[in-house]
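S.K.: Sharing upload_13.cif below, mmCIF, C-alpha atoms:
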data_coords
#
loop_
_atom_site.group_PDB
_atom_site.id
_atom_site.type_symbol
_atom_site.label_atom_id
_atom_site.label_comp_id
_atom_site.auth_asym_id
_atom_site.auth_seq_id
_atom_site.Cartn_x
_atom_site.Cartn_y
_atom_site.Cartn_z
ATOM 1 C CA MET A 1 116.823 107.051 97.779
ATOM 2 C CA SER A 2 119.486 104.359 97.727
ATOM 3 C CA GLY A 3 118.697 100.735 96.919
ATOM 4 C CA GLU A 4 119.456 99.668 100.507
ATOM 5 C CA ARG A 5 117.074 102.260 101.936
ATOM 6 C CA VAL A 6 114.376 101.289 99.433
ATOM 7 C CA ASN A 7 114.603 97.628 100.453
ATOM 8 C CA ALA A 8 114.699 98.508 104.155
ATOM 9 C CA LYS A 9 111.562 100.628 103.881
ATOM 10 C CA LEU A 10 109.735 97.992 101.838
ATOM 11 C CA MET A 11 110.658 95.364 104.420
ATOM 12 C CA ALA A 12 109.372 97.616 107.205
ATOM 13 C CA ILE A 13 106.046 97.985 105.360
ATOM 14 C CA LEU A 14 105.828 94.220 104.879
ATOM 15 C CA LEU A 15 106.554 93.549 108.560
ATOM 16 C CA GLU A 16 104.037 96.165 109.692
ATOM 17 C CA PHE A 17 101.368 94.391 107.631
ATOM 18 C CA SER A 18 102.453 91.012 109.027
ATOM 19 C CA GLU A 19 102.216 92.178 112.644
ATOM 20 C CA THR A 20 98.769 93.690 112.081
ATOM 21 C CA ALA A 21 97.308 90.820 110.048
ATOM 22 C CA GLY A 22 99.014 87.973 111.907
ATOM 23 C CA GLY A 23 100.936 86.722 108.897
ATOM 24 C CA ARG A 24 102.854 87.731 105.805
ATOM 25 C CA PRO A 25 100.884 89.340 102.958
ATOM 26 C CA SER A 26 100.194 87.654 99.673
ATOM 27 C CA LEU A 27 101.542 89.419 96.610
ATOM 28 C CA LYS A 28 97.976 90.552 95.920
ATOM 29 C CA GLU A 29 97.716 92.167 99.367
ATOM 30 C CA PHE A 30 101.175 93.722 99.127
ATOM 31 C CA LEU A 31 100.322 95.345 95.794
ATOM 32 C CA GLU A 32 96.933 96.498 97.099
ATOM 33 C CA LEU A 33 98.732 98.484 99.809
ATOM 34 C CA PHE A 34 100.505 100.419 97.062
ATOM 35 C CA LYS A 35 97.384 100.754 94.946
ATOM 36 C CA TRP A 36 95.355 102.440 97.673
ATOM 37 C CA SER A 37 98.258 104.533 98.979
ATOM 38 C CA SER A 38 99.323 105.734 95.513
ATOM 39 C CA GLU A 39 96.314 108.039 95.129
ATOM 40 C CA ALA A 40 97.952 110.405 97.636
ATOM 41 C CA ILE A 41 100.941 110.783 95.293
ATOM 42 C CA TYR A 42 99.651 110.134 91.783
ATOM 43 C CA SER A 43 96.481 111.438 90.148
ATOM 44 C CA ALA A 44 94.744 108.044 90.384
ATOM 45 C CA PRO A 45 95.331 104.705 92.154
ATOM 46 C CA LEU A 46 97.895 102.526 90.380
ATOM 47 C CA GLU A 47 96.629 99.116 89.263
ATOM 48 C CA PHE A 48 99.356 96.455 89.111
ATOM 49 C CA GLU A 49 99.395 93.419 86.828
ATOM 50 C CA ALA A 50 101.782 90.547 87.633
ATOM 51 C CA THR A 51 102.886 87.656 85.439
ATOM 52 C CA LEU A 52 104.213 84.374 86.828
ATOM 53 C CA ALA A 53 107.444 82.779 85.654
ATOM 54 C CA ASP A 54 105.484 80.294 83.521
ATOM 55 C CA GLY A 55 103.873 83.166 81.598
ATOM 56 C CA THR A 56 100.412 82.971 83.186
ATOM 57 C CA ALA A 57 98.719 85.927 84.841
ATOM 58 C CA TYR A 58 98.916 86.108 88.629
ATOM 59 C CA SER A 59 95.547 86.481 90.375
ATOM 60 C CA GLY A 60 96.241 85.696 94.031
ATOM 61 C CA PRO A 61 93.884 84.484 96.761
ATOM 62 C CA ALA A 62 90.242 85.548 96.749
ATOM 63 C CA GLU A 63 90.383 87.041 100.239
ATOM 64 C CA SER A 64 92.334 90.158 101.174
ATOM 65 C CA ARG A 65 93.135 91.597 104.605
ATOM 66 C CA VAL A 66 94.081 95.034 103.319
ATOM 67 C CA SER A 67 90.746 96.559 104.362
ATOM 68 C CA GLU A 68 91.579 95.587 107.964
ATOM 69 C CA MET A 69 94.764 97.668 108.001
ATOM 70 C CA GLY A 70 94.957 100.859 110.057
ATOM 71 C CA ASP A 71 95.766 104.251 108.583
ATOM 72 C CA SER A 72 99.394 104.072 109.699
ATOM 73 C CA VAL A 73 100.235 101.361 107.148
ATOM 74 C CA PHE A 74 98.843 103.393 104.245
ATOM 75 C CA THR A 75 100.572 106.531 105.551
ATOM 76 C CA ASP A 76 103.902 104.702 105.646
ATOM 77 C CA VAL A 77 103.428 103.457 102.070
ATOM 78 C CA ALA A 78 102.499 106.967 100.880
ATOM 79 C CA ASP A 79 105.590 108.377 102.636
ATOM 80 C CA PHE A 80 107.726 105.769 100.886
ATOM 81 C CA LEU A 81 106.249 106.738 97.504
ATOM 82 C CA ALA A 82 106.808 110.429 98.222
ATOM 83 C CA GLY A 83 110.450 109.710 99.079
ATOM 84 C CA LEU A 84 111.139 108.168 95.685
ATOM 85 C CA SER A 85 112.184 110.785 93.142
ATOM 86 C CA ASP A 86 112.394 111.028 89.361
ATOM 87 C CA GLU A 87 116.043 111.802 88.578
ATOM 88 C CA ASP A 88 115.205 113.542 85.268
ATOM 89 C CA GLY A 89 112.282 115.780 86.074
ATOM 90 C CA GLY A 90 111.701 115.705 89.811
ATOM 91 C CA GLY A 91 108.362 114.734 91.296
ATOM 92 C CA PRO A 92 107.121 111.180 91.855
ATOM 93 C CA VAL A 93 108.965 108.324 90.223
ATOM 94 C CA PRO A 94 107.195 107.191 87.010
ATOM 95 C CA PRO A 95 104.696 104.403 87.761
ATOM 96 C CA ASN A 96 106.442 101.795 85.615
ATOM 97 C CA ASP A 97 109.734 102.552 87.385
ATOM 98 C CA LEU A 98 107.902 101.971 90.680
ATOM 99 C CA ALA A 99 106.639 98.631 89.324
ATOM 100 C CA ASN A 100 110.245 97.625 88.544
ATOM 101 C CA ILE A 101 111.335 98.545 92.082
ATOM 102 C CA LEU A 102 108.556 96.421 93.573
ATOM 103 C CA LEU A 103 109.289 93.547 91.167
ATOM 104 C CA GLU A 104 112.899 93.370 92.318
ATOM 105 C CA PHE A 105 111.802 93.361 95.951
ATOM 106 C CA VAL A 106 109.061 90.712 95.716
ATOM 107 C CA ASN A 107 111.451 88.446 93.814
ATOM 108 C CA SER A 108 114.039 88.665 96.591
ATOM 109 C CA GLU A 109 114.568 86.053 99.308
ATOM 110 C CA ALA A 110 113.921 88.726 101.951
ATOM 111 C CA ALA A 111 110.335 89.388 100.874
ATOM 112 C CA ASN A 112 109.138 85.814 101.452
ATOM 113 C CA LEU A 113 105.530 86.625 100.590
ATOM 114 C CA ALA A 114 102.757 84.221 101.541
ATOM 115 C CA ASP A 115 101.977 82.888 98.072
ATOM 116 C CA VAL A 116 105.045 83.529 95.896
ATOM 117 C CA SER A 117 108.729 82.800 96.335
ATOM 118 C CA ALA A 118 111.896 84.420 95.031
ATOM 119 C CA GLY A 119 111.898 84.479 91.230
ATOM 120 C CA ASP A 120 108.238 83.457 90.846
ATOM 121 C CA ILE A 121 107.198 86.750 89.207
ATOM 122 C CA SER A 122 108.574 87.457 85.740
ATOM 123 C CA ARG A 123 106.798 90.740 85.069
ATOM 124 C CA LEU A 124 105.067 93.510 87.013
ATOM 125 C CA VAL A 125 103.515 96.467 85.184
ATOM 126 C CA ILE A 126 100.951 99.203 85.662
ATOM 127 C CA ALA A 127 97.629 98.262 84.073
ATOM 128 C CA GLY A 128 96.843 100.472 81.086
ATOM 129 C CA ALA A 129 100.254 102.173 81.180
ATOM 130 C CA GLY A 130 101.170 101.301 77.595
ATOM 131 C CA SER A 131 100.092 104.711 76.270
ATOM 132 C CA SER A 132 101.413 106.729 79.197
ATOM 133 C CA ALA A 133 105.166 106.305 78.895
ATOM 134 C CA ARG A 134 107.476 109.192 79.626
ATOM 135 C CA PRO A 135 107.205 111.728 76.779
ATOM 136 C CA GLU A 136 110.213 112.613 74.661
ATOM 137 C CA VAL A 137 111.385 115.933 73.234
ATOM 138 C CA GLY A 138 109.139 116.725 70.261
ATOM 139 C CA ASP A 139 106.059 114.919 71.625
ATOM 140 C CA ILE A 140 102.806 116.909 71.502
ATOM 141 C CA LEU A 141 100.541 116.587 74.528
ATOM 142 C CA ALA A 142 96.861 117.389 75.001
ATOM 143 C CA VAL A 143 96.190 119.036 78.376
ATOM 144 C CA PRO A 144 92.526 119.179 79.463
ATOM 145 C CA VAL A 145 91.242 122.501 80.803
ATOM 146 C CA ASP A 146 87.504 122.628 81.535
ATOM 147 C CA ASP A 147 85.787 121.240 78.422
ATOM 148 C CA SER A 148 88.683 122.023 76.065
ATOM 149 C CA TRP A 149 92.327 121.080 75.510
ATOM 150 C CA TYR A 150 95.558 123.013 75.156
ATOM 151 C CA ALA A 151 98.460 121.634 73.158
ATOM 152 C CA VAL A 152 101.951 121.663 74.665
ATOM 153 C CA ILE A 153 105.169 120.230 73.278
ATOM 154 C CA VAL A 154 108.127 118.778 75.164
ATOM 155 C CA VAL A 155 110.951 121.195 74.381
ATOM 156 C CA ALA A 156 113.765 119.950 76.622
ATOM 157 C CA ARG A 157 114.784 117.864 79.622
ATOM 158 C CA ASN A 158 117.545 119.239 81.827
ATOM 159 C CA ARG A 159 118.487 120.082 85.408
ATOM 160 C CA PHE A 160 115.526 122.473 85.706
ATOM 161 C CA GLY A 161 112.969 119.763 84.872
ATOM 162 C CA VAL A 162 110.867 119.176 81.760
ATOM 163 C CA ALA A 163 110.342 122.272 79.584
ATOM 164 C CA PHE A 164 106.940 122.534 77.899
ATOM 165 C CA GLY A 165 106.196 124.895 75.034
ATOM 166 C CA ILE A 166 102.594 126.116 75.132
ATOM 167 C CA PHE A 167 100.383 126.812 72.121
ATOM 168 C CA GLY A 168 97.815 129.565 72.538
ATOM 169 C CA GLU A 169 94.790 127.985 70.880
ATOM 170 C CA LYS A 170 92.121 126.048 72.772
ATOM 171 C CA PHE A 171 90.865 122.933 71.022
ATOM 172 C CA ARG A 172 87.269 121.798 71.533
ATOM 173 C CA SER A 173 87.896 118.071 71.198
ATOM 174 C CA LEU A 174 90.797 115.731 71.833
ATOM 175 C CA ASP A 175 90.832 114.644 68.184
ATOM 176 C CA ALA A 176 91.204 118.282 67.126
ATOM 177 C CA VAL A 177 94.457 118.907 69.040
ATOM 178 C CA HIS A 178 96.740 119.758 66.124
ATOM 179 C CA PRO A 179 98.803 122.883 66.943
ATOM 180 C CA GLU A 180 100.612 123.195 63.586
ATOM 181 C CA HIS A 181 98.914 126.519 62.835
ATOM 182 C CA SER A 182 98.492 127.708 66.423
ATOM 183 C CA SER A 183 100.511 130.589 67.881
ATOM 184 C CA ALA A 184 103.338 129.540 70.173
ATOM 185 C CA CYS A 185 103.750 131.225 73.553
ATOM 186 C CA LYS A 186 107.234 132.685 73.594
ATOM 187 C CA PHE A 187 108.457 131.403 76.955
ATOM 188 C CA PRO A 188 108.383 127.656 77.753
ATOM 189 C CA VAL A 189 107.657 126.656 81.329
ATOM 190 C CA TYR A 190 109.281 124.004 83.505
ATOM 191 C CA SER A 191 107.273 121.253 85.126
ATOM 192 C CA ASP A 192 107.297 117.468 85.544
ATOM 193 C CA ASP A 193 105.752 114.721 83.443
ATOM 194 C CA THR A 194 103.706 113.083 86.203
ATOM 195 C CA GLU A 195 100.389 113.909 84.528
ATOM 196 C CA VAL A 196 101.639 112.307 81.312
ATOM 197 C CA VAL A 197 102.838 109.042 82.833
ATOM 198 C CA ASN A 198 99.569 108.861 84.766
ATOM 199 C CA GLY A 199 97.575 109.280 81.576
ATOM 200 C CA SER A 200 95.945 112.595 82.542
ATOM 201 C CA TRP A 201 97.716 114.337 79.640
ATOM 202 C CA GLN A 202 97.775 112.350 76.436
ATOM 203 C CA VAL A 203 100.487 112.186 73.789
ATOM 204 C CA VAL A 204 98.593 113.018 70.592
ATOM 205 C CA GLY A 205 101.435 113.373 68.099
ATOM 206 C CA ARG A 206 105.032 114.232 67.458
ATOM 207 C CA ASP A 207 106.476 117.064 65.370
ATOM 208 C CA GLU A 208 110.087 118.117 65.923
ATOM 209 C CA GLY A 209 109.549 120.886 63.368
ATOM 210 C CA LEU A 210 107.410 122.753 65.916
ATOM 211 C CA LEU A 211 110.401 122.972 68.277
ATOM 212 C CA SER A 212 111.794 125.864 66.219
ATOM 213 C CA ALA A 213 109.115 128.104 67.768
ATOM 214 C CA PHE A 214 110.837 127.790 71.157
ATOM 215 C CA PRO A 215 114.375 128.168 72.530
ATOM 216 C CA ALA A 216 116.233 124.850 72.504
ATOM 217 C CA GLU A 217 117.467 125.367 76.076
ATOM 218 C CA PRO A 218 114.780 127.393 77.880
ATOM 219 C CA GLU A 219 115.944 129.675 80.654
ATOM 220 C CA ILE A 220 114.584 130.305 84.117
ATOM 221 C CA TYR A 221 114.281 133.835 85.476
ATOM 222 C CA HIS A 222 115.389 135.500 88.693
ATOM 223 C CA SER A 223 113.793 138.504 90.346
ATOM 224 C CA PRO A 224 115.906 141.673 90.735
ATOM 225 C CA ASN A 225 115.016 141.602 94.437
ATOM 226 C CA LEU A 226 117.085 138.509 95.131
ATOM 227 C CA ALA A 227 120.124 139.023 97.324
ATOM 228 C CA PHE A 228 122.888 136.500 96.703
ATOM 229 C CA PRO A 229 126.567 137.263 97.374
ATOM 230 C CA GLY A 230 128.588 137.702 94.212
ATOM 231 C CA PHE A 231 125.617 137.858 91.826
ATOM 232 C CA ASP A 232 124.090 140.876 90.089
ATOM 233 C CA PHE A 233 120.460 140.197 89.206
ATOM 234 C CA GLY A 234 120.086 143.532 87.435
ATOM 235 C CA GLU A 235 117.531 146.302 87.575
ATOM 236 C CA PHE A 236 114.757 144.180 86.035
ATOM 237 C CA GLY A 237 115.977 140.660 86.799
ATOM 238 C CA SER A 238 118.029 138.043 84.999
ATOM 239 C CA ALA A 239 117.741 134.800 83.053
ATOM 240 C CA GLU A 240 119.738 131.633 83.697
ATOM 241 C CA SER A 241 120.337 128.911 81.094
ATOM 242 C CA PRO A 242 120.526 125.182 81.926
ATOM 243 C CA SER A 243 124.314 125.443 81.486
ATOM 244 C CA GLY A 244 124.449 128.083 84.240
ATOM 245 C CA ALA A 245 125.038 131.171 82.058
ATOM 246 C CA VAL A 246 123.284 134.270 83.424
ATOM 247 C CA ARG A 247 122.217 137.349 81.468
ATOM 248 C CA LEU A 248 120.471 140.533 82.579
ATOM 249 C CA ILE A 249 117.043 141.255 81.090
ATOM 250 C CA ASP A 250 115.290 144.522 80.250
ATOM 251 C CA GLY A 251 111.929 145.827 81.434
ATOM 252 C CA ALA A 252 110.006 144.546 78.424
ATOM 253 C CA GLU A 253 111.194 140.971 78.940
ATOM 254 C CA ALA A 254 110.567 141.213 82.685
ATOM 255 C CA SER A 255 107.002 142.283 81.959
ATOM 256 C CA ALA A 256 106.433 139.621 79.303
ATOM 257 C CA VAL A 257 107.598 136.777 81.495
ATOM 258 C CA GLY A 258 105.813 138.085 84.610
ATOM 259 C CA ILE A 259 108.803 139.091 86.729
ATOM 260 C CA SER A 260 107.679 142.717 87.090
ATOM 261 C CA THR A 261 104.153 141.741 88.209
ATOM 262 C CA GLY A 262 105.252 138.959 90.546
ATOM 263 C CA SER A 263 103.305 136.340 88.596
ATOM 264 C CA TYR A 264 106.328 134.439 87.271
ATOM 265 C CA ARG A 265 107.123 130.954 88.608
ATOM 266 C CA GLN A 266 110.348 129.089 87.895
ATOM 267 C CA ALA A 267 108.560 125.718 87.868
ATOM 268 C CA PHE A 268 105.097 124.212 88.200
ATOM 269 C CA THR A 269 103.826 120.856 89.293
ATOM 270 C CA GLY A 270 101.992 119.241 86.399
ATOM 271 C CA LYS A 271 98.626 119.653 88.097
ATOM 272 C CA PHE A 272 99.234 123.340 88.870
ATOM 273 C CA LEU A 273 100.464 123.996 85.326
ATOM 274 C CA GLN A 274 97.226 122.521 84.014
ATOM 275 C CA GLN A 275 95.259 124.873 86.286
ATOM 276 C CA SER A 276 97.406 127.854 85.224
ATOM 277 C CA LEU A 277 97.303 127.497 81.427
ATOM 278 C CA ASP A 278 94.461 129.974 80.876
ATOM 279 C CA GLY A 279 96.326 132.628 82.863
ATOM 280 C CA LEU A 280 99.679 131.920 81.193
ATOM 281 C CA VAL A 281 98.192 132.206 77.700
ATOM 282 C CA LYS A 282 96.336 135.395 78.641
ATOM 283 C CA ARG A 283 99.526 136.984 80.005
ATOM 284 C CA TRP A 284 101.442 136.016 76.877
ATOM 285 C CA ARG A 285 98.770 137.502 74.602
ATOM 286 C CA GLN A 286 98.804 140.744 76.584
ATOM 287 C CA SER A 287 102.590 140.956 76.306
ATOM 288 C CA GLU A 288 102.300 140.692 72.512
ATOM 289 C CA LEU A 289 100.015 143.735 72.221
#
Can you turn what I pasted into structure tokens?

M.R.:
Amino acid sequence: MSGERVNAKLMAILLEFSETAGGRPSLKEFLELFKWSSEAIYSAPLEFEATLADGTAYSGPAESRVSEMGDSVFTDVADFLAGLSDEDGGGPVPPNDLANILLEFVNSEAANLADVSAGDISRLVIAGAGSSARPEVGDILAVPVDDSWYAVIVVARNRFGVAFGIFGEKFRSLDAVHPEHSSACKFPVYSDDTEVVNGSWQVVGRDEGLLSAFPAEPEIYHSPNLAFPGFDFGEFGSAESPSGAVRLIDGAEASAVGISTGSYRQAFTGKFLQQSLDGLVKRWRQSEL
């Protein structure tokens, strides 16, 4: 979404609030709209913390009119959030990037909020986001599944999304997530890092040496049943690299990756990947027999 469209949509949200409440929102009320609408997009409501130009924390007025707003305002905010995209991995824009977008807007002359003027806010961040920054290649993540955790490692970032390498062992406590001696599932999977930036998956370490267990540029797979002019997807299917190179695969690889059974997915949302880890590890173990 272009900068002009972002500002136009934010102004429309601000004016909708103003018409409903009979006056412009305070910064506190404006941010509350995003807090309570963000749960539809992120795994939990986003709490914003603002700092004034003099370095003191912004608190805002005691009263808030947000609870008086109709559903349409929150729906419009949620639609705005859904329309923002993460250029690297797809999915919702990282929360701190959203905070920067809102900071630029509230500091503009156009916003003209009830209790702050242009340039009054020096900083706007997500509360508690210090440990949930976007993970880098080589970072080890703990993914909760039931009462245990799987370890995954960020293998690559490319046009397909974020590639995660999965380790086959389940760890019984968060402190125990150390996959150095765990078996690595052969095929990384593509997803997004939304659950990481939201804090649902935690970065528990970093070990670039573990990357050698996975391909540096993981491929995606295509079913042999696809019909696309000028392309041969082979008897068992094919694999495509991030650079666009395509190779035909044999029956054993098609079975191992799940093409032959129809269980293969080119990409997962973070939440669905979390729900699928037991099945992915089970399929990988069966392919190794």

S.K.: Take atom CA of A:Trp201 and atom CA of A:Ser173 and report the distance between them in Å, one decimal.

M.R.: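 Value for the atom CA of A:Trp201-atom CA of A:Ser173 distance: 13.5 Å.
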
S.K.: May I ask which of the residues A:Phe105, A:Trp36, A:Phe268, A:Phe214 is the closest one to A:Gly161, counting all atoms listed in the file?

M.R.: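 Ranked by minimum distance to A:Gly161, first place goes to A:Phe268.
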
S.K.: Just checking: using all atoms listed in the file, which residue out of A:Val203, A:Val66, A:Gln286, A:Tyr58 ends up closest to A:Ala21?

M.R.: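 Ranked by minimum distance to A:Ala21, first place goes to A:Val66.
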
S.K.: Give me, as a list in words, all polymer residues having an atom no more than 10 Å from A:Leu31, counting only C-alpha atoms and skipping those fewer than 6 positions away in the same chain.

M.R.: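 Listing them by chain and then by number gives Pro25, Ser37, Leu46, Glu47, Phe48, Glu49, Ala50, Val66, Ala99, Leu102 and Val106 of chain A.
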
S.K.: What does the PyMOL selection byres ((chain A and resi 280) around 12) select in this file, as a PyMOL selection string?

M.R.: chain A and resi 150+165-168+184-189+256-258+263-265+268+272-279+281-287

S.K.: Might you spell out which residues the PyMOL selection byres ((chain A and resi 116) around 12) would select in the displayed file, as a PyMOL selection string?

M.R.: chain A and resi 24-30+50-53+58-61+103+105-115+117-122

S.K.: Which distance in Å separates atom CA of A:Ser148 and atom CA of A:Arg172, to one decimal?

M.R.: 4.8 Å

S.K.: Selected by the PyMOL selection byres ((chain A and resi 136-142) around 7) in the shown coordinates: which residues, as JSON, numbers by chain?

M.R.: {"A": [134, 135, 143, 144, 149, 150, 151, 152, 153, 154, 155, 156, 177, 201, 202, 203, 204, 205, 206, 207, 208, 211]}
